[in-house]
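S.K.: Next comes run.csv, CSV, C-alpha atoms and all ligand atoms:
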```csv
chain,number,residue,atom,x,y,z
A,133,MET,CA,60.6,110.6,106.8
A,134,SER,CA,61.8,111.6,103.4
A,135,ARG,CA,63.7,110.3,100.3
A,136,ALA,CA,67.0,111.9,99.6
A,137,LEU,CA,69.2,111.7,96.5
A,138,ALA,CA,72.8,112.9,96.4
A,139,LYS,CA,75.8,112.6,94.2
A,140,ALA,CA,79.5,112.7,95.0
A,141,ASN,CA,82.7,112.4,93.0
A,142,ALA,CA,85.6,110.0,93.4
A,143,ASN,CA,89.1,111.2,94.4
A,144,VAL,CA,92.7,110.2,93.9
A,145,ALA,CA,95.2,110.7,96.7
A,146,LEU,CA,98.5,112.4,95.9
A,147,ALA,CA,99.7,111.7,99.5
A,148,LYS,CA,98.1,108.5,100.6
A,149,TYR,CA,96.2,106.9,103.4
A,150,TRP,CA,97.7,103.5,103.9
A,151,GLY,CA,97.2,102.0,107.3
A,152,LYS,CA,94.6,102.3,110.1
A,153,ARG,CA,95.5,103.1,113.7
A,154,ASP,CA,91.8,102.2,114.5
A,155,GLU,CA,90.1,99.8,112.2
A,156,ARG,CA,86.6,100.4,113.5
A,157,LEU,CA,86.7,104.2,113.2
A,158,ASN,CA,88.9,104.2,110.0
A,159,LEU,CA,91.5,106.4,111.7
A,160,PRO,CA,94.7,106.7,109.7
A,161,TYR,CA,98.3,106.6,110.7
A,162,THR,CA,99.0,109.5,108.2
A,163,GLY,CA,97.3,112.5,106.8
A,164,SER,CA,96.5,112.5,103.1
A,165,ILE,CA,95.8,115.0,100.2
A,166,SER,CA,93.6,114.2,97.2
A,167,VAL,CA,92.1,115.6,94.1
A,168,THR,CA,88.4,115.2,93.7
A,169,LEU,CA,87.8,113.8,90.2
A,170,ASP,CA,85.4,115.6,87.9
A,171,GLY,CA,83.1,113.4,85.9
A,172,LEU,CA,83.6,110.3,88.0
A,173,GLU,CA,80.3,110.3,90.0
A,174,THR,CA,78.3,108.1,92.3
A,175,HIS,CA,74.6,108.7,92.9
A,176,ALA,CA,73.0,107.5,96.2
A,177,SER,CA,69.4,107.6,97.3
A,178,VAL,CA,68.0,106.8,100.7
A,179,ARG,CA,64.3,106.3,101.3
A,180,PRO,CA,63.4,105.4,104.9
A,181,LEU,CA,60.7,102.7,105.1
A,182,ASP,CA,57.8,102.5,107.5
A,183,SER,CA,59.0,99.1,108.7
A,184,GLY,CA,61.4,96.3,108.1
A,185,GLY,CA,65.2,96.2,107.4
A,186,ASP,CA,67.3,97.8,104.7
A,187,ARG,CA,67.0,97.0,101.0
A,188,ILE,CA,70.3,97.8,99.2
A,189,ILE,CA,70.5,98.0,95.4
A,190,LEU,CA,73.9,98.4,93.8
A,191,SER,CA,74.0,99.3,90.1
A,192,GLY,CA,70.4,98.0,89.7
A,193,VAL,CA,71.1,94.7,91.5
A,194,GLU,CA,70.4,93.5,95.0
A,195,ALA,CA,73.6,93.8,97.0
A,196,GLU,CA,75.6,90.8,98.1
A,197,PRO,CA,75.2,90.2,101.9
A,198,ARG,CA,78.7,91.5,102.7
A,199,GLU,CA,78.2,94.7,100.8
A,200,ALA,CA,74.7,95.2,102.2
A,201,ALA,CA,75.9,94.7,105.7
A,202,ARG,CA,78.6,97.3,105.3
A,203,ILE,CA,76.1,99.8,104.0
A,204,SER,CA,73.6,98.9,106.8
A,205,ARG,CA,76.2,99.4,109.4
A,206,PHE,CA,76.9,102.8,107.9
A,207,LEU,CA,73.2,103.8,108.0
A,208,ASP,CA,73.1,102.6,111.6
A,209,LEU,CA,75.4,105.5,112.4
A,210,THR,CA,72.9,108.1,111.0
A,211,ARG,CA,70.0,106.2,112.6
A,212,ALA,CA,71.7,106.3,116.0
A,213,ALA,CA,72.2,110.0,115.8
A,214,GLY,CA,68.9,110.9,114.1
A,215,ARG,CA,65.2,110.7,115.1
A,216,GLN,CA,64.3,108.0,112.6
A,217,HIS,CA,65.4,104.4,113.3
A,218,THR,CA,63.7,102.4,110.5
A,219,GLY,CA,65.3,100.6,107.6
A,220,ALA,CA,65.7,102.2,104.2
A,221,GLU,CA,65.7,101.5,100.5
A,222,VAL,CA,69.1,102.5,99.2
A,223,GLU,CA,70.1,102.7,95.6
A,224,ILE,CA,73.7,103.4,94.5
A,225,SER,CA,75.1,103.7,91.0
A,226,SER,CA,78.3,105.1,89.6
A,227,ASN,CA,78.9,106.4,86.1
A,228,PHE,CA,82.5,105.0,86.0
A,229,PRO,CA,83.4,101.3,85.7
A,230,VAL,CA,83.2,100.1,89.3
A,231,ALA,CA,84.1,96.6,88.1
A,232,ALA,CA,87.2,98.0,86.5
A,233,GLY,CA,88.7,98.4,90.0
A,234,ILE,CA,88.6,102.2,90.1
A,235,ALA,CA,88.0,103.1,93.8
A,236,SER,CA,84.3,103.8,94.2
A,237,SER,CA,84.1,103.6,98.0
A,238,ALA,CA,85.1,107.2,98.3
A,239,SER,CA,82.3,108.6,96.1
A,240,THR,CA,79.8,106.0,97.4
A,241,PHE,CA,80.2,106.8,101.1
A,242,ALA,CA,80.4,110.6,100.4
A,243,ALA,CA,77.1,110.5,98.5
A,244,LEU,CA,75.6,108.1,101.0
A,245,ALA,CA,76.6,110.4,103.9
A,246,VAL,CA,74.9,113.4,102.3
A,247,ALA,CA,71.8,111.4,101.3
A,248,ALA,CA,71.4,109.5,104.6
A,249,ALA,CA,71.9,112.7,106.7
A,250,ALA,CA,69.1,114.4,104.7
A,251,ALA,CA,66.8,111.3,104.7
A,252,TYR,CA,67.2,110.8,108.5
A,253,GLU,CA,66.9,114.5,109.1
A,254,LEU,CA,70.3,115.1,110.6
A,255,ARG,CA,71.7,118.5,110.4
A,256,LEU,CA,75.5,118.2,110.1
A,257,SER,CA,78.2,120.7,109.3
A,258,GLU,CA,80.7,119.9,106.5
A,259,HIS,CA,83.2,118.7,108.9
A,260,GLU,CA,80.7,116.4,110.7
A,261,LEU,CA,79.7,115.0,107.3
A,262,SER,CA,83.3,114.4,106.5
A,263,ILE,CA,83.7,112.4,109.8
A,264,LEU,CA,80.5,110.5,109.0
A,265,ALA,CA,81.7,109.6,105.5
A,266,ARG,CA,85.1,108.5,106.9
A,267,ARG,CA,83.3,105.9,109.0
A,268,GLY,CA,82.0,104.3,105.8
A,269,SER,CA,85.4,104.4,104.0
A,270,GLY,CA,88.4,106.5,105.0
A,271,SER,CA,89.0,108.1,101.7
A,272,ALA,CA,85.3,109.2,101.4
A,273,CYS,CA,86.0,112.0,104.0
A,274,ARG,CA,88.0,113.8,101.3
A,275,SER,CA,85.3,113.5,98.6
A,276,LEU,CA,83.1,115.9,100.6
A,277,PHE,CA,85.2,118.8,99.1
A,278,ALA,CA,85.6,120.3,95.6
A,279,GLY,CA,89.1,120.6,94.1
A,280,PHE,CA,91.8,119.5,96.5
A,281,ALA,CA,91.2,118.2,100.0
A,282,GLU,CA,93.4,117.4,103.0
A,283,TRP,CA,92.5,114.7,105.6
A,284,PHE,CA,94.0,115.6,108.9
A,285,VAL,CA,95.4,112.6,110.8
A,286,GLY,CA,94.1,113.7,114.2
A,287,GLN,CA,95.0,112.4,117.6
A,288,ALA,CA,91.8,111.9,119.5
A,289,PRO,CA,90.9,108.3,120.2
A,290,ASP,CA,87.2,109.0,119.2
A,291,GLY,CA,88.3,110.4,115.8
A,292,SER,CA,86.7,113.8,116.4
A,293,ASP,CA,89.8,115.6,114.9
A,294,SER,CA,90.3,113.3,112.0
A,295,TYR,CA,88.4,114.9,109.1
A,296,ALA,CA,89.0,116.5,105.8
A,297,ALA,CA,88.9,120.1,104.6
A,298,GLN,CA,89.3,121.9,101.3
A,299,LEU,CA,92.8,122.8,100.4
A,300,ALA,CA,92.1,124.6,97.1
A,301,THR,CA,89.2,125.1,94.8
A,302,PRO,CA,88.9,123.6,91.3
A,303,GLU,CA,89.2,127.1,89.9
A,304,HIS,CA,92.5,127.6,91.7
A,305,TRP,CA,94.1,124.9,89.6
A,306,GLN,CA,92.6,123.0,86.7
A,307,LEU,CA,95.1,120.2,86.7
A,308,GLY,CA,94.7,117.4,84.0
A,309,VAL,CA,94.1,113.9,85.3
A,310,VAL,CA,94.2,110.8,83.1
A,311,VAL,CA,93.2,107.3,84.4
A,312,ALA,CA,94.7,104.4,82.5
A,313,VAL,CA,92.7,101.3,83.2
A,314,THR,CA,95.0,98.3,82.9
A,315,ASP,CA,92.9,95.5,84.3
A,316,PRO,CA,89.1,95.4,84.4
A,317,ARG,CA,88.9,92.6,87.0
A,318,PRO,CA,88.0,93.6,90.6
A,319,LYS,CA,91.1,93.5,92.8
A,320,ALA,CA,91.7,90.4,94.8
A,321,VAL,CA,92.7,92.2,98.0
A,322,GLY,CA,90.7,95.2,99.1
A,323,SER,CA,92.1,98.3,100.8
A,324,ARG,CA,91.0,97.3,104.3
A,325,GLU,CA,92.8,93.9,104.2
A,326,GLY,CA,95.8,95.4,102.3
A,327,MET,CA,96.2,98.0,105.0
A,328,ALA,CA,95.9,95.5,107.8
A,329,GLN,CA,98.6,93.4,106.2
A,330,ALA,CA,100.9,96.5,105.7
A,331,VAL,CA,100.5,97.6,109.3
A,332,SER,CA,101.2,94.3,111.0
A,333,ARG,CA,103.3,92.4,108.5
A,334,SER,CA,105.6,94.8,106.7
A,335,PRO,CA,109.0,95.8,108.1
A,336,LEU,CA,108.7,99.0,106.1
A,337,PHE,CA,105.5,100.3,107.7
A,338,SER,CA,107.2,102.5,110.3
A,339,ALA,CA,109.4,104.0,107.6
A,340,TRP,CA,106.3,104.8,105.6
A,341,VAL,CA,104.8,106.7,108.6
A,342,ASP,CA,108.1,108.4,109.5
A,343,THR,CA,108.7,109.8,106.1
A,344,HIS,CA,105.2,110.7,105.2
A,345,LYS,CA,105.1,114.3,106.5
A,346,ALA,CA,107.7,115.5,104.0
A,347,ASP,CA,105.6,114.3,101.1
A,348,LEU,CA,102.4,115.9,102.6
A,349,ASP,CA,104.2,119.2,103.1
A,350,ASP,CA,105.6,119.2,99.5
A,351,ILE,CA,102.1,118.4,98.1
A,352,ARG,CA,100.3,120.9,100.2
A,353,ASP,CA,102.7,123.7,99.3
A,354,GLY,CA,102.8,122.5,95.7
A,355,VAL,CA,99.0,122.7,95.4
A,356,ARG,CA,99.0,126.2,96.8
A,357,GLU,CA,101.7,127.3,94.5
A,358,ARG,CA,100.4,125.4,91.5
A,359,ASP,CA,103.8,123.7,91.2
A,360,LEU,CA,103.2,120.5,89.1
A,361,ALA,CA,106.8,119.2,89.3
A,362,ARG,CA,106.8,119.6,93.1
A,363,ILE,CA,103.5,117.7,93.6
A,364,GLY,CA,104.3,115.2,90.9
A,365,HIS,CA,107.7,114.1,92.3
A,366,ALA,CA,106.3,113.9,95.8
A,367,ALA,CA,103.2,112.0,94.7
A,368,GLU,CA,105.3,109.4,92.8
A,369,HIS,CA,107.6,109.0,95.7
A,370,ASN,CA,104.7,108.6,98.1
A,371,CYS,CA,103.0,106.1,95.8
A,372,LEU,CA,106.1,104.0,95.3
A,373,LYS,CA,106.7,103.9,99.1
A,374,MET,CA,103.1,102.8,99.7
A,375,HIS,CA,103.5,99.9,97.2
A,376,ALA,CA,107.0,99.1,98.6
A,377,VAL,CA,105.4,98.7,102.1
A,378,SER,CA,102.9,96.1,100.7
A,379,LEU,CA,105.5,94.4,98.5
A,380,ALA,CA,107.6,93.8,101.6
A,381,ALA,CA,104.7,92.4,103.6
A,382,GLN,CA,104.5,88.7,104.5
A,383,PRO,CA,102.6,87.4,102.5
A,384,PRO,CA,103.5,90.1,99.9
A,385,LEU,CA,100.8,92.1,98.2
A,386,ILE,CA,101.4,93.0,94.6
A,387,TYR,CA,98.8,95.3,93.1
A,388,TRP,CA,100.5,95.9,89.8
A,389,ARG,CA,100.2,94.1,86.5
A,390,PRO,CA,102.7,94.2,83.7
A,391,ALA,CA,100.7,97.0,82.0
A,392,THR,CA,100.9,99.0,85.2
A,393,LEU,CA,104.7,99.1,85.0
A,394,ALA,CA,104.5,99.8,81.2
A,395,VAL,CA,102.4,102.9,81.9
A,396,ILE,CA,104.9,104.0,84.6
A,397,GLU,CA,107.7,103.6,82.1
A,398,ARG,CA,105.8,105.6,79.4
A,399,VAL,CA,105.1,108.4,81.9
A,400,ARG,CA,108.8,108.6,82.7
A,401,GLN,CA,109.6,108.7,79.0
A,402,LEU,CA,107.0,111.4,78.4
A,403,ARG,CA,108.9,113.5,81.0
A,404,GLU,CA,112.1,113.0,79.0
A,405,GLU,CA,110.3,114.2,76.0
A,406,GLY,CA,109.3,117.4,77.9
A,407,VAL,CA,105.8,116.6,79.0
A,408,ASP,CA,105.2,117.3,82.7
A,409,ALA,CA,103.3,114.1,83.6
A,410,TYR,CA,103.5,112.2,86.9
A,411,PHE,CA,101.9,108.9,88.0
A,412,THR,CA,100.2,107.6,91.1
A,413,ILE,CA,98.6,104.2,91.8
A,414,ASP,CA,96.1,103.1,94.5
A,415,ALA,CA,95.3,99.7,95.8
A,416,GLY,CA,94.9,98.2,92.3
A,417,PRO,CA,96.6,98.0,88.9
A,418,GLN,CA,95.2,101.3,87.3
A,419,VAL,CA,97.5,104.2,86.9
A,420,LYS,CA,96.4,107.8,87.5
A,421,VAL,CA,98.5,110.5,85.8
A,422,ILE,CA,98.5,114.2,86.5
A,423,CYS,CA,99.6,116.7,83.8
A,424,PRO,CA,98.9,120.2,82.6
A,425,ILE,CA,95.2,120.4,81.4
A,426,ALA,CA,96.4,121.5,78.0
A,427,GLN,CA,98.3,118.3,77.5
A,428,ARG,CA,95.7,116.0,79.0
A,429,ALA,CA,94.3,114.8,75.6
A,430,ALA,CA,97.8,114.1,74.2
A,431,VAL,CA,98.8,112.2,77.4
A,432,ALA,CA,95.6,110.2,77.3
A,433,GLU,CA,96.3,109.3,73.6
A,434,THR,CA,99.8,108.2,74.4
A,435,LEU,CA,98.8,106.1,77.4
A,436,GLY,CA,95.8,104.6,75.5
A,437,ALA,CA,98.4,103.2,73.1
A,438,VAL,CA,100.5,101.4,75.7
A,439,SER,CA,100.1,97.7,75.4
A,440,GLY,CA,97.7,96.3,78.0
A,441,VAL,CA,95.9,99.6,78.6
A,442,GLN,CA,92.2,98.9,78.1
A,443,ARG,CA,90.8,102.4,78.3
A,444,VAL,CA,91.6,105.9,79.5
A,445,LEU,CA,89.3,108.3,81.4
A,446,LEU,CA,89.9,112.0,81.4
A,447,SER,CA,89.3,114.1,84.5
A,448,ALA,CA,90.3,117.3,86.4
A,449,PRO,CA,89.6,118.7,89.9
A,450,GLY,CA,85.9,118.3,90.4
A,451,PRO,CA,82.9,119.5,92.5
A,452,ALA,CA,81.7,118.9,96.0
A,453,PRO,CA,78.7,116.5,96.6
A,454,GLN,CA,75.3,117.8,95.8
A,455,LEU,CA,72.0,117.0,97.4
A,456,LEU,CA,69.8,116.7,94.3
A,457,GLU,CA,66.5,115.8,95.9
A,458,ALA,CA,65.1,115.8,99.4
A,459,SER,CA,61.3,115.4,99.8
A,501,LIG,C1,95.3,103.4,98.3
A,501,LIG,O1,89.4,104.5,101.7
A,501,LIG,O2,89.2,102.5,100.2
A,501,LIG,O3,93.3,104.6,97.7
A,501,LIG,O4,88.9,103.0,104.7
A,501,LIG,O5,89.1,100.6,104.3
A,501,LIG,O6,87.4,102.0,103.0
A,501,LIG,P1,88.8,102.0,103.7
A,501,LIG,O7,89.9,102.2,102.6
A,501,LIG,P2,89.9,103.2,101.3
A,501,LIG,O8,91.4,103.2,101.0
A,501,LIG,C2,92.0,104.0,100.1
A,501,LIG,C3,93.4,103.7,99.9
A,501,LIG,C4,94.2,104.3,98.8
A,501,LIG,C5,94.9,105.6,99.2
A,501,LIG,C6,94.0,106.8,99.4
A,501,LIG,O9,92.9,107.0,98.8
A,501,LIG,O10,94.4,107.7,100.2
```
Show me, as structure tokens, the structure contained in the file I just sent.
M.R.:
Amino acid sequence: MSRALAKANANVALAKYWGKRDERLNLPYTGSISVTLDGLETHASVRPLDSGGDRIILSGVEAEPREAARISRFLDLTRAAGRQHTGAEVEISSNFPVAAGIASSASTFAALAVAAAAAYELRLSEHELSILARRGSGSACRSLFAGFAEWFVGQAPDGSDSYAAQLATPEHWQLGVVVAVTDPRPKAVGSREGMAQAVSRSPLFSAWVDTHKADLDDIRDGVRERDLARIGHAAEHNCLKMHAVSLAAQPPLIYWRPATLAVIERVRQLREEGVDAYFTIDAGPQVKVICPIAQRAAVAETLGAVSGVQRVLLSAPGPAPQLLEAS
């Protein structure tokens, strides 16, 4: 029985996961491709206890029952597979503003998968770790990889073929990423609920699934060829379709704020001015912008000046998770 500490980075999807074909296993309707975000990290430690249940600390504070239950259910997966079955003390903290609505579940469950596997003495391959992380949060399976990652949709009902793999290393392409934070409040409707609404209550869901492959192909090839315009146009199209699906749901789901649209407008204007910048937006009001790394500082300054933007974060393709301690 040992304590393990791991860290993992957040990621942003260029071709998105939006809709689960299996809610329990987090199996998607579509494949997805993401960039692992340098500098946006979550640390997770797991210390199995001699007796008793789990004790979960998030950002230094005892977790709310709902959050704690989600993490305990995740630990149960490692306990079921490993030799140890006792509860654990878990501490999780991120170096980016979780309350600002920047997705932290990906880095949280990627770090937790690595730490829990070490603490409960499970020897897992990278792809098995990706499957384990997916069970905690779908997008977490992509945070297991440095640089660019692709999550394969898979077909098997047990999810054994739905995992992520590295598409390209950070060295292959140091793309600039800027995150424009437009609303610091936690989002009202989380991804899980938002996806469920999209799947069963949006007339556009089937069109989303049917047209997704073309975006994935463009983005995969664009990453391989370091073709920013190609991935940028495909990522914007994919993002707008995802939001269109949710806008058309009953009841509708609107993740954007006025400042979200103002940033979109500014990015389009930047392109007219000759800057190769493209936006994408997840299940929240923040806008993530990709651009050449040499123009990242200028893009950040421009977006930081848009009315309603509260702060900007600078990133680039980042590293794989690391096991920092295992005793
Ligand atoms: C819009 O991975 O957070 O960011 O599997 O329910 O935990 P759960 O959802 P999550 O959803 C991410 C949705 C997205 C798109 C993406 O990252 O691909």
S.K.: Around ligand LIG 501 (chain A), at most 7 Å away and counting only C-alpha atoms and all ligand atoms, which residues are there? Put them as a PyMOL selection string, please.
M.R.: chain A and resi 144-145+147-150+158+164+235+237-238+268-272+323-324+414-415
S.K.: If we count all atoms listed in the file and set the cut-off at 10 Å, which residues sit around Phe206 (chain A), ignoring sequence neighbours fewer than 5 positions away in its own chain? Please answer as a PyMOL selection string.
M.R.: chain A and resi 200-201+211+241+244-245+248+264-265+267-269
S.K.: Just want the 7 Å neighbourhood of region 274-277 of chain A, counted on all atoms listed in the file, with same-chain residues fewer than 5 positions away dropped. Output as a ChimeraX atom specification.
M.R.: /A:140-143,166,168,238-239,242,262,282-283,296-298,452-453
S.K.: Mind pulling up the distance from CA of Leu307 (chain A) to CA of Leu172 (chain A)?
M.R.: 15.2 Å
S.K.: Given the point (72.6, 98.1, 103.6) in the file's coordinates, find the residues that have an atom at most 12 Å from it, counting all atoms listed in the file, and give them as a CSV table (one decimal) with C-alpha atoms, keeping the file's coordinate frame.
M.R.:
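What follows is the written file point-v9.csv:
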```csv
chain,number,residue,atom,x,y,z
A,176,ALA,CA,73.0,107.5,96.2
A,177,SER,CA,69.4,107.6,97.3
A,178,VAL,CA,68.0,106.8,100.7
A,179,ARG,CA,64.3,106.3,101.3
A,180,PRO,CA,63.4,105.4,104.9
A,185,GLY,CA,65.2,96.2,107.4
A,186,ASP,CA,67.3,97.8,104.7
A,187,ARG,CA,67.0,97.0,101.0
A,188,ILE,CA,70.3,97.8,99.2
A,189,ILE,CA,70.5,98.0,95.4
A,190,LEU,CA,73.9,98.4,93.8
A,194,GLU,CA,70.4,93.5,95.0
A,195,ALA,CA,73.6,93.8,97.0
A,196,GLU,CA,75.6,90.8,98.1
A,197,PRO,CA,75.2,90.2,101.9
A,198,ARG,CA,78.7,91.5,102.7
A,199,GLU,CA,78.2,94.7,100.8
A,200,ALA,CA,74.7,95.2,102.2
A,201,ALA,CA,75.9,94.7,105.7
A,202,ARG,CA,78.6,97.3,105.3
A,203,ILE,CA,76.1,99.8,104.0
A,204,SER,CA,73.6,98.9,106.8
A,205,ARG,CA,76.2,99.4,109.4
A,206,PHE,CA,76.9,102.8,107.9
A,207,LEU,CA,73.2,103.8,108.0
A,208,ASP,CA,73.1,102.6,111.6
A,209,LEU,CA,75.4,105.5,112.4
A,219,GLY,CA,65.3,100.6,107.6
A,220,ALA,CA,65.7,102.2,104.2
A,221,GLU,CA,65.7,101.5,100.5
A,222,VAL,CA,69.1,102.5,99.2
A,223,GLU,CA,70.1,102.7,95.6
A,224,ILE,CA,73.7,103.4,94.5
A,241,PHE,CA,80.2,106.8,101.1
A,244,LEU,CA,75.6,108.1,101.0
A,248,ALA,CA,71.4,109.5,104.6
A,268,GLY,CA,82.0,104.3,105.8
```
S.K.: Report, in Å with one decimal, the straight-line distance from CA of Tyr410 (chain A) to CA of Ile396 (chain A).
M.R.: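 Straight-line distance from CA of Tyr410 (chain A) to CA of Ile396 (chain A) works out to 8.6 Å.
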S.K.: Pick out the residues sitting within 9 Å of region 338-343 of chain A, and hand them over as a list of chain:residue names; count only C-alpha atoms, and ignore anything fewer than 3 positions along from it in its own chain.
M.R.: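 My reading of the contact set: A:Trp150, A:Tyr161, A:Thr162, A:Val331, A:Ser334, A:Pro335, A:Ala346, A:Asp347, A:Asn370, A:Lys373, A:Met374, A:Val377.
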S.K.: Pick the closest to Gly416 (chain A) from A:His369, A:His375, A:Lys152, A:Arg135: which is it, counting all atoms listed in the file?
M.R.: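 When distances to Gly416 (chain A) are compared using all atoms listed in the file, the smallest one comes from A:His375.
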